[in-house]
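Quick notes on the structure that follows.
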Amino acid sequence: MARVVVADDQTVVREGIVMLLGLLPGIEVVGSARDGEEALRLVAEHAPDVVLMDLRMPRCDGVEATRRIRAEHPGTQVVVLTTYADDDSLFPALQAGARGYLTKDADADEIVRAVAHVMSGDAGLSPQIQRRLLDRLATAAPE
């Protein structure tokens, strides 16, 4: 059973994700946060396996929250779940320590797979994010 915290500043989105996760086998939601500060508090309190983290939130954004969670609670993995798939969102989140990255058009199976992958030590990246990383590496490679 994966213990999960959901962090998203939009109430309807956060509640929808919590409701969806509650229907999925193998996932237990142990908390939901309105911002990165609250996510950090919930991680310290509940020691979840995974945080599903939005990126753009008030007080403490998802990148900073990810950085702090990974530094202070290395047993908790972070999967970004955001609207944004641009390089300016993707790469800082991965550099901060996120092990997964999904966009909010991900379906329930993709979310379950990403959670399972990061819990087993693998990356939980959507196919479009994998392509973006490969494209970026290919353009950055020296000839």
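Scheme for the structure tokens: letters A, B, ... for chains in order shown; per-chain residue numbers from 1; ligand numbers from 1 in order shown.
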- Task: Write out as number ranges by chain all residues of chain A that DSSP puts in helix (DSSP H, G or I) for this structure's backbone.
- Result: A: 11-23, 36-46, 62-72, 87-96, 108-119, 127-140
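Assigned to strand (DSSP E) in segment 26-111 of chain A, given DSSP computed from backbone atoms, are Ile27, Glu28, Val29, Val30, Gly31, Ser32, Ala33, Val50, Val51, Leu52, Met53, Gln77, Val78, Val79, Val80, Leu81, Thr82, Gly100, Tyr101, Leu102 and Thr103 of chain A.
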- Would you kindly return, as a PyMOL selection string, each protein, DNA or RNA residue with an atom no farther than 8 Å from any atom of Ala39 of chain A, considering only C-alpha atoms and excluding same-chain residues fewer than 6 positions away? chain A and resi 5-7+32-33+65
Can you spit out the residues from that selection as a compact mmCIF listing (two decimals), in the first residue's frame, using C-alpha atoms?
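Output file result_10.txt follows:
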# COMPACT_ATOMS: atom_id res chain seq x y z
CA VAL A 5 0.17 13.14 0.15
CA VAL A 6 -1.42 15.33 -2.53
CA ALA A 7 -0.25 18.96 -2.84
CA SER A 32 -3.66 16.88 1.20
CA ALA A 33 -1.91 20.24 1.13
CA ALA A 65 9.01 21.93 -1.59
- Message: What's around Asp87 of chain A at 9 Å? Count only C-alpha atoms, leave out sequence neighbours fewer than 4 positions away in its own chain, and write the answer as a PyMOL selection string.
- Response: chain A and resi 91-92+132+136
Would you put the residues from that selection into a file with C-alpha atoms, as a compact mmCIF listing (two decimals), in the first residue's frame?
# COMPACT_ATOMS: atom_id res chain seq x y z
CA PHE A 91 14.06 20.50 -15.52
CA PRO A 92 14.05 22.47 -12.24
CA ARG A 132 11.15 15.68 -24.05
CA ARG A 136 16.84 17.73 -24.84
- Which one of A:Thr82, A:Thr11, A:Gln77, A:Ser89 sits closest to Val115 of chain A if you count only C-alpha atoms? A:Gln77
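From atom CA of Leu42 of chain A back to atom CA of Val30 of chain A, the distance works out to 8.4 Å.
Non-sequential neighbours of Leu24 of chain A (distance at most 9 Å, separation of 6 or more positions within a chain, only C-alpha atoms) are Ala108, Asp109 and Val112 of chain A.
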If you keep N, CA and C atoms, can you produce a file of those selected residues as an mmCIF file, in the first residue's frame?
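So again_28.cif came out as:
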data_model
loop_
_atom_site.group_PDB
_atom_site.id
_atom_site.type_symbol
_atom_site.label_atom_id
_atom_site.label_comp_id
_atom_site.auth_asym_id
_atom_site.auth_seq_id
_atom_site.Cartn_x
_atom_site.Cartn_y
_atom_site.Cartn_z
ATOM 1 N N ALA A 108 -5.719 7.497 -14.478
ATOM 2 C CA ALA A 108 -5.500 6.805 -13.208
ATOM 3 C C ALA A 108 -4.392 5.759 -13.323
ATOM 4 N N ASP A 109 -4.357 5.028 -14.442
ATOM 5 C CA ASP A 109 -3.321 4.009 -14.618
ATOM 6 C C ASP A 109 -1.929 4.621 -14.630
ATOM 7 N N VAL A 112 -0.981 5.522 -10.999
ATOM 8 C CA VAL A 112 -0.634 4.319 -10.239
ATOM 9 C C VAL A 112 0.737 3.805 -10.664
#
- Item | For Arg41 of chain A: contacts at 12 Å, only C-alpha atoms, fewer than 5 positions along chain excluded, given as a list of chain:residue names | A:Val5, A:Ala7, A:Gly31, A:Ser32, A:Ala33, A:Arg34, A:Asp35, A:Gly36, A:His46, A:Ala47, A:Pro48, A:Val51, A:Cys60, A:Ala65, A:Arg68, A:Ile69, A:Glu72, A:His73
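Atom CA of Asp135 of chain A lies 28.8 Å from atom CA of Thr76 of chain A.
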- Query: Restricting the calculation to only C-alpha atoms, which member of A:Arg70, A:Val50, A:Gly124, A:Pro58 is positioned closest to Glu110 of chain A?
  - Reply: A:Gly124
- When you draw a straight line from atom CA of Ala96 of chain A to atom CA of Val63 of chain A, how long is it in Å? 6.1 Å
- Query: With only C-alpha atoms as the atoms that count, which of A:Ile129, A:Ala116, A:Val43, A:Ala140 lies nearest to Tyr84 of chain A?
  - Reply: A:Ile129
- Item | Met1 of chain A surroundings by only C-alpha atoms, 7 Å radius, close-in-sequence under 4 positions cut, as an NGL selection string | :A and (26-28)
If you keep N, CA, C and O atoms, can you produce a file of those selected residues as a CSV table (one decimal), in the first residue's frame?
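And here is the file that came out, again28.csv:
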chain,number,residue,atom,x,y,z
A,26,GLY,N,-4.2,-0.1,-3.9
A,26,GLY,CA,-2.8,0.1,-3.5
A,26,GLY,C,-2.4,1.5,-3.2
A,26,GLY,O,-1.2,1.7,-2.9
A,27,ILE,N,-3.3,2.4,-3.1
A,27,ILE,CA,-3.0,3.8,-2.7
A,27,ILE,C,-3.8,4.2,-1.5
A,27,ILE,O,-5.1,4.1,-1.5
A,28,GLU,N,-3.2,4.8,-0.5
A,28,GLU,CA,-3.9,5.4,0.6
A,28,GLU,C,-3.5,6.8,0.7
A,28,GLU,O,-2.3,7.1,0.9
